[in-house]
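Asks: This is the structure I have questions about; it appears just below.
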Amino acid sequence: MEQPTDRGGSIFRSVDWWTVAIYIALLTFGWVSVCGASYTFGETEILSMDSRSGMQLMWIGTSIVLGFALFMTEERYYDMFAYIIYALMLLLLFATIFNPHEIKGSRSWIVIGPLRLQPAEFAKFATALAVSKLMSTYGYNIHQWKHFAAAIGVVMLPMLFIVAQKETGSALVYLAFFLMFYREGMPGSILFTGVAMVFYFVVGVKYAGVQLWGTPTSLGEFAVMLSAQLFTAGMVRVYTREQQQATLMIAFCTGTTLLALLVSKFIIPFNIYWVQLAVCVFMALWLLWLWLGARVRNYLFIAMFLLGSMVFFNATSYVLNDVMQPHQRTRINVLLGLEEDLRGAGYNVHQSEIAIGSGGLRGKGFLNGTQTKLKFVPEQDTDFIFCTVGEEEGFVGSASVLLLFLALILRLIHLAERQPHAFGRIYGYCVLSIFLFHVFINVGMVLGLTPVIGIPLPFFSYGGSSLWGFTILLFIFLRIDADRNKNRR
């Protein structure tokens, strides 16, 4: 039960008005951007419900009402009904898989007359509540594998349902929860492993066709295998404190690789990859031997990292060529600079870059953009809304929007850190991780820095589902924060 420390105090006295002000500012800039992106030359009724800008204004109004209602709901209910909300959302996600309405190749939308809702947007707050409830349970310890696995299961289950709806972009957002796991004590080696896998994939694919120093060795294969060996030696140094063993491993792998490279270049040309693979196997066996002798589990985990690196890299080609859809494969090749395809997969990003670049320092002014008015940029009021900001408001406007998002993220970190209870802190970090992922990926794909996976920019992209989803995420946390001074017993 909770007892307020100040019964006479109003809940509005403890609300974080700075975050509310940032929220209103983002909504305002977002609506202006939707106006600019959806406006057609000669149009006079931007407030009409028949226009995208008019509809977005309605979504903004309902979002504010929804946020107020969530804020007036007792904080204890979010904790109490977290699992029930999560279970109901899972049922809705599962039912949506069999939805007969397919929109742009995805079955993630529920169509009720003129209303279209995307359950995946609402599943984020339900998952955040459920994982926060689980991890704040008495006795929970993220360092115990069964506890950690349970939390991962809570996050991955809706992710699998969303993938089954053919909505891969929305599913990838759930990887943001690993930032929260890291804050709550997840070993940094797990986060490092994820980063290493991305590195293997990018380097391996991008330089697969480049020959190393005139030898029949792929530069991509060479770089990835050598990196895996050096990463392994570094992990031995960090996680076992055995500097001598780490030094020996570095000397062994670099010396053997250099010798093989010289032999291949000047004596007998051969693929150095096989020598590197043998070195990796030897290093893994050595680590397993050290684990059996010293019974230090870190040796086992590092050996698993090295073996996993080899398996992952060798599976990369199969995944890229046999698992991914052709349009997904083309998007990756365009992102890595292996293809241009300015009329196909690279068209959106190319036109978006032109629109942003044409804005210059101060932009062309509200409703004066040419690339967006002439509809050169597909999805310019949803996934690519940021290009409208760049064209009409220029670098100054784009930087201002990014600074607003930065202020929101920093404010959320501040609010999360001041929570006296684990439930509020964990939920707060879930919220900021989701916002951070959306902003980073969306702006990155508009600038051609990240893959085009089709996720909205919070409070900017047109649509009610995303706007409601982000509002629910934020205002539940604001209510939890407003009750932070309550005593629990």
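Chain lettering (A, B, ...) mirrors the order of the structure tokens, residue numbering begins at 1 for each chain separately, and ligand numbering begins at 1 in order of display.
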Listing only residues of stretch 38-150 of chain A within 10 Å of stretch 10-26 of chain A, what is the closest atom pair and its distance in Å (to one decimal) for each, using only C-alpha atoms, sorted by chain and residue number ascending, as JSON lines?
Replies:
```
{"residue": "A:Ile60", "atom": "CA", "partner": "A:Ile24", "partner_atom": "CA", "distance": 9.6}
{"residue": "A:Ile64", "atom": "CA", "partner": "A:Ile24", "partner_atom": "CA", "distance": 9.0}
{"residue": "A:Phe71", "atom": "CA", "partner": "A:Ile11", "partner_atom": "CA", "distance": 9.1}
{"residue": "A:Met72", "atom": "CA", "partner": "A:Ile11", "partner_atom": "CA", "distance": 8.5}
```
Asks: Report as a ChimeraX atom specification all protein, DNA and RNA residues lying within 9 Å of stretch 229-243 of chain A, evaluated on only C-alpha atoms, omitting residues in the same chain fewer than 2 positions from it.
Replies: /A:189,196,224-227,245-250,253-254,276,279-280,283,296,298-299,302-303,305-306
Asks: Got time to write the residues from that selection, C-alpha atoms, as an mmCIF file, in the first residue's frame?
Replies:
```cif
data_model
loop_
_atom_site.group_PDB
_atom_site.id
_atom_site.type_symbol
_atom_site.label_atom_id
_atom_site.label_comp_id
_atom_site.auth_asym_id
_atom_site.auth_seq_id
_atom_site.Cartn_x
_atom_site.Cartn_y
_atom_site.Cartn_z
ATOM 1 C CA SER A 189 30.291 -8.403 -22.669
ATOM 2 C CA ALA A 196 30.981 -7.134 -32.604
ATOM 3 C CA VAL A 224 36.801 -10.177 -39.519
ATOM 4 C CA MET A 225 38.825 -13.222 -38.481
ATOM 5 C CA LEU A 226 41.753 -11.121 -37.251
ATOM 6 C CA SER A 227 39.340 -8.857 -35.352
ATOM 7 C CA GLN A 245 48.019 -14.906 -21.539
ATOM 8 C CA ALA A 246 46.403 -12.062 -23.481
ATOM 9 C CA THR A 247 49.807 -10.920 -24.729
ATOM 10 C CA LEU A 248 50.709 -14.449 -25.818
ATOM 11 C CA MET A 249 47.411 -14.783 -27.695
ATOM 12 C CA ILE A 250 47.956 -11.479 -29.527
ATOM 13 C CA CYS A 253 47.500 -14.781 -33.814
ATOM 14 C CA THR A 254 49.259 -11.753 -35.360
ATOM 15 C CA GLN A 276 43.041 -17.839 -39.562
ATOM 16 C CA VAL A 279 44.109 -20.233 -35.357
ATOM 17 C CA CYS A 280 40.624 -19.436 -34.045
ATOM 18 C CA MET A 283 42.563 -20.443 -29.447
ATOM 19 C CA VAL A 296 37.086 -20.047 -14.210
ATOM 20 C CA ASN A 298 35.024 -16.546 -17.917
ATOM 21 C CA TYR A 299 37.329 -18.724 -20.030
ATOM 22 C CA ILE A 302 35.228 -16.162 -24.011
ATOM 23 C CA ALA A 303 35.653 -19.450 -25.881
ATOM 24 C CA PHE A 305 32.317 -15.825 -27.951
ATOM 25 C CA LEU A 306 35.113 -16.871 -30.320
#
```
Asks: Can you list, as a list in words, every protein, DNA or RNA residue that comes within 10 Å of A:Ser106 when you count only C-alpha atoms, leaving out same-chain residues fewer than 4 positions away?
Replies: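 Listed by chain and then number, they are Ile97, Asn99, His101, Glu102, Ile162, Val163, Ala164, Gln165, Lys166, Glu167 and Thr168 of chain A.
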Asks: Write a file of the just-selected residues containing N, CA and C atoms, as a PDB file, in the first residue's frame.
Replies:
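Just written: again08.pdb:
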```
ATOM      1  N   ILE A  97      -1.819 -11.198 -36.612  1.00  0.00           N
ATOM      2  CA  ILE A  97      -1.076 -11.998 -37.595  1.00  0.00           C
ATOM      3  C   ILE A  97      -2.015 -12.536 -38.668  1.00  0.00           C
ATOM      4  N   ASN A  99      -4.774 -11.115 -39.611  1.00  0.00           N
ATOM      5  CA  ASN A  99      -5.566 -10.003 -40.111  1.00  0.00           C
ATOM      6  C   ASN A  99      -5.657 -10.074 -41.635  1.00  0.00           C
ATOM      7  N   HIS A 101      -6.426  -7.728 -43.647  1.00  0.00           N
ATOM      8  CA  HIS A 101      -6.050  -6.462 -44.283  1.00  0.00           C
ATOM      9  C   HIS A 101      -4.527  -6.355 -44.363  1.00  0.00           C
ATOM     10  N   GLU A 102      -4.009  -6.309 -45.566  1.00  0.00           N
ATOM     11  CA  GLU A 102      -2.567  -6.169 -45.769  1.00  0.00           C
ATOM     12  C   GLU A 102      -2.289  -4.801 -46.361  1.00  0.00           C
ATOM     13  N   ILE A 162       5.398  -9.654 -33.943  1.00  0.00           N
ATOM     14  CA  ILE A 162       5.453  -8.531 -34.883  1.00  0.00           C
ATOM     15  C   ILE A 162       6.200  -8.938 -36.152  1.00  0.00           C
ATOM     16  N   VAL A 163       7.244  -9.744 -36.011  1.00  0.00           N
ATOM     17  CA  VAL A 163       7.939 -10.264 -37.195  1.00  0.00           C
ATOM     18  C   VAL A 163       6.981 -11.106 -38.034  1.00  0.00           C
ATOM     19  N   ALA A 164       6.135 -11.897 -37.365  1.00  0.00           N
ATOM     20  CA  ALA A 164       5.146 -12.718 -38.080  1.00  0.00           C
ATOM     21  C   ALA A 164       4.131 -11.861 -38.824  1.00  0.00           C
ATOM     22  N   GLN A 165       3.971 -10.602 -38.418  1.00  0.00           N
ATOM     23  CA  GLN A 165       3.082  -9.678 -39.111  1.00  0.00           C
ATOM     24  C   GLN A 165       3.776  -9.018 -40.306  1.00  0.00           C
ATOM     25  N   LYS A 166       5.019  -9.405 -40.562  1.00  0.00           N
ATOM     26  CA  LYS A 166       5.844  -8.843 -41.637  1.00  0.00           C
ATOM     27  C   LYS A 166       6.141  -7.367 -41.387  1.00  0.00           C
ATOM     28  N   GLU A 167       6.396  -7.039 -40.129  1.00  0.00           N
ATOM     29  CA  GLU A 167       6.717  -5.675 -39.733  1.00  0.00           C
ATOM     30  C   GLU A 167       8.072  -5.694 -39.034  1.00  0.00           C
ATOM     31  N   THR A 168       9.118  -5.994 -39.801  1.00  0.00           N
ATOM     32  CA  THR A 168      10.453  -6.182 -39.236  1.00  0.00           C
ATOM     33  C   THR A 168      10.980  -4.920 -38.564  1.00  0.00           C
TER      34      THR A 168
END
```
Asks: As a PDB file with C-alpha atoms, in the first residue's frame, list the residues of stretch 85-199 of chain A assigned to strand (DSSP E) by DSSP on the backbone atoms of this structure.
Replies:
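File states08.pdb, as written:
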```
ATOM      1  CA  ILE A 110      -6.307  -3.413 -37.601  1.00  0.00           C
ATOM      2  CA  VAL A 111      -8.861  -1.700 -39.829  1.00  0.00           C
ATOM      3  CA  ILE A 112     -12.176  -0.645 -38.299  1.00  0.00           C
ATOM      4  CA  LEU A 115      -9.892   3.929 -38.423  1.00  0.00           C
ATOM      5  CA  ARG A 116      -6.554   2.103 -38.717  1.00  0.00           C
ATOM      6  CA  LEU A 117      -4.576   1.116 -35.630  1.00  0.00           C
TER       7      LEU A 117
END
```
Asks: Do a neighbour search on A:Ser461 at 9 Å with only C-alpha atoms, toss out local chain neighbours closer than 2 positions, and write the hits as number ranges by chain.
Replies: A: 30-31, 33-34, 380-386, 456-459, 463, 466-467
Asks: Could you write those residues out with C-alpha atoms, as a PDB file, in the first residue's frame?
Replies:
```pdb
ATOM      1  CA  GLY A  30       5.778  17.880 -35.585  1.00  0.00           C
ATOM      2  CA  TRP A  31       2.463  19.333 -36.733  1.00  0.00           C
ATOM      3  CA  SER A  33       6.346  19.465 -40.365  1.00  0.00           C
ATOM      4  CA  VAL A  34       3.295  17.383 -41.295  1.00  0.00           C
ATOM      5  CA  GLN A 380       7.707  12.219 -46.614  1.00  0.00           C
ATOM      6  CA  ASP A 381       5.077  12.808 -43.920  1.00  0.00           C
ATOM      7  CA  THR A 382       5.682   9.520 -42.084  1.00  0.00           C
ATOM      8  CA  ASP A 383       9.025   7.704 -42.055  1.00  0.00           C
ATOM      9  CA  PHE A 384      10.905  10.468 -43.927  1.00  0.00           C
ATOM     10  CA  ILE A 385       9.329  13.457 -42.165  1.00  0.00           C
ATOM     11  CA  PHE A 386      12.750  14.748 -41.070  1.00  0.00           C
ATOM     12  CA  PRO A 456       8.395   6.730 -37.236  1.00  0.00           C
ATOM     13  CA  LEU A 457      10.045   9.785 -35.739  1.00  0.00           C
ATOM     14  CA  PRO A 458       8.397  10.339 -32.322  1.00  0.00           C
ATOM     15  CA  PHE A 459       5.752  13.112 -32.306  1.00  0.00           C
ATOM     16  CA  GLY A 463      -0.423   8.880 -37.758  1.00  0.00           C
ATOM     17  CA  SER A 466       2.553   6.103 -33.214  1.00  0.00           C
ATOM     18  CA  LEU A 467       1.479   9.389 -31.607  1.00  0.00           C
TER      19      LEU A 467
END
```
Asks: Could you check which of A:Met80, A:Cys387, A:Ala482, A:Ala251 is closest to A:Lys375, using only C-alpha atoms?
Replies: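 The answer is A:Cys387, which sits nearest to A:Lys375.
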Asks: Leaving out stretch 352-367 of chain A and any residue of its chain fewer than 3 positions from it, which residues lie within 12 Å of it when counting only C-alpha atoms, given as an NGL selection string?
Replies: :A and (29 or 31-44 or 46 or 342 or 346-349 or 370-381 or 383-400 or 443-449 or 452)
Asks: Put those residues in a file: C-alpha atoms, as an mmCIF file, in the first residue's frame.
Replies:
```
data_model
loop_
_atom_site.group_PDB
_atom_site.id
_atom_site.type_symbol
_atom_site.label_atom_id
_atom_site.label_comp_id
_atom_site.auth_asym_id
_atom_site.auth_seq_id
_atom_site.Cartn_x
_atom_site.Cartn_y
_atom_site.Cartn_z
ATOM 1 C CA PHE A 29 7.127 21.261 -34.501
ATOM 2 C CA TRP A 31 2.463 19.333 -36.733
ATOM 3 C CA VAL A 32 4.229 22.132 -38.635
ATOM 4 C CA SER A 33 6.346 19.465 -40.365
ATOM 5 C CA VAL A 34 3.295 17.383 -41.295
ATOM 6 C CA CYS A 35 1.727 20.543 -42.761
ATOM 7 C CA GLY A 36 4.828 21.150 -44.835
ATOM 8 C CA ALA A 37 5.131 17.528 -45.957
ATOM 9 C CA SER A 38 1.482 17.062 -46.942
ATOM 10 C CA TYR A 39 0.774 20.544 -48.329
ATOM 11 C CA THR A 40 0.018 20.906 -52.032
ATOM 12 C CA PHE A 41 0.525 24.184 -53.878
ATOM 13 C CA GLY A 42 -2.753 26.112 -53.953
ATOM 14 C CA GLU A 43 -4.294 24.286 -50.995
ATOM 15 C CA THR A 44 -6.088 26.603 -48.551
ATOM 16 C CA ILE A 46 -4.781 22.941 -43.941
ATOM 17 C CA LEU A 342 18.878 5.470 -57.347
ATOM 18 C CA GLY A 346 18.165 3.917 -52.909
ATOM 19 C CA TYR A 347 15.558 6.298 -54.308
ATOM 20 C CA ASN A 348 13.981 7.330 -50.982
ATOM 21 C CA VAL A 349 17.282 8.095 -49.289
ATOM 22 C CA THR A 370 10.111 22.156 -53.578
ATOM 23 C CA GLN A 371 11.269 18.555 -53.193
ATOM 24 C CA THR A 372 8.516 17.834 -50.681
ATOM 25 C CA LYS A 373 5.785 19.853 -52.409
ATOM 26 C CA LEU A 374 6.435 18.077 -55.684
ATOM 27 C CA LYS A 375 6.300 14.736 -53.815
ATOM 28 C CA PHE A 376 9.760 13.583 -54.832
ATOM 29 C CA VAL A 377 10.316 11.943 -51.430
ATOM 30 C CA PRO A 378 8.111 8.894 -50.749
ATOM 31 C CA GLU A 379 6.637 8.624 -47.226
ATOM 32 C CA GLN A 380 7.707 12.219 -46.614
ATOM 33 C CA ASP A 381 5.077 12.808 -43.920
ATOM 34 C CA ASP A 383 9.025 7.704 -42.055
ATOM 35 C CA PHE A 384 10.905 10.468 -43.927
ATOM 36 C CA ILE A 385 9.329 13.457 -42.165
ATOM 37 C CA PHE A 386 12.750 14.748 -41.070
ATOM 38 C CA CYS A 387 13.623 15.663 -44.660
ATOM 39 C CA THR A 388 10.797 18.235 -44.565
ATOM 40 C CA VAL A 389 12.399 19.806 -41.496
ATOM 41 C CA GLY A 390 15.735 19.992 -43.315
ATOM 42 C CA GLU A 391 14.286 21.515 -46.484
ATOM 43 C CA GLU A 392 11.956 24.101 -44.936
ATOM 44 C CA GLU A 393 13.868 24.973 -41.768
ATOM 45 C CA GLY A 394 17.410 24.214 -42.902
ATOM 46 C CA PHE A 395 20.327 23.253 -40.712
ATOM 47 C CA VAL A 396 19.167 25.607 -37.959
ATOM 48 C CA GLY A 397 15.736 23.980 -37.759
ATOM 49 C CA SER A 398 17.108 20.444 -37.994
ATOM 50 C CA ALA A 399 19.643 21.126 -35.246
ATOM 51 C CA SER A 400 16.904 22.647 -33.086
ATOM 52 C CA VAL A 443 17.170 10.383 -38.545
ATOM 53 C CA GLY A 444 20.006 8.059 -39.551
ATOM 54 C CA MET A 445 18.010 6.427 -42.354
ATOM 55 C CA VAL A 446 16.857 9.831 -43.668
ATOM 56 C CA LEU A 447 20.529 10.884 -43.842
ATOM 57 C CA GLY A 448 21.605 7.555 -45.355
ATOM 58 C CA LEU A 449 23.549 6.481 -42.260
ATOM 59 C CA VAL A 452 15.746 1.993 -44.062
#
```
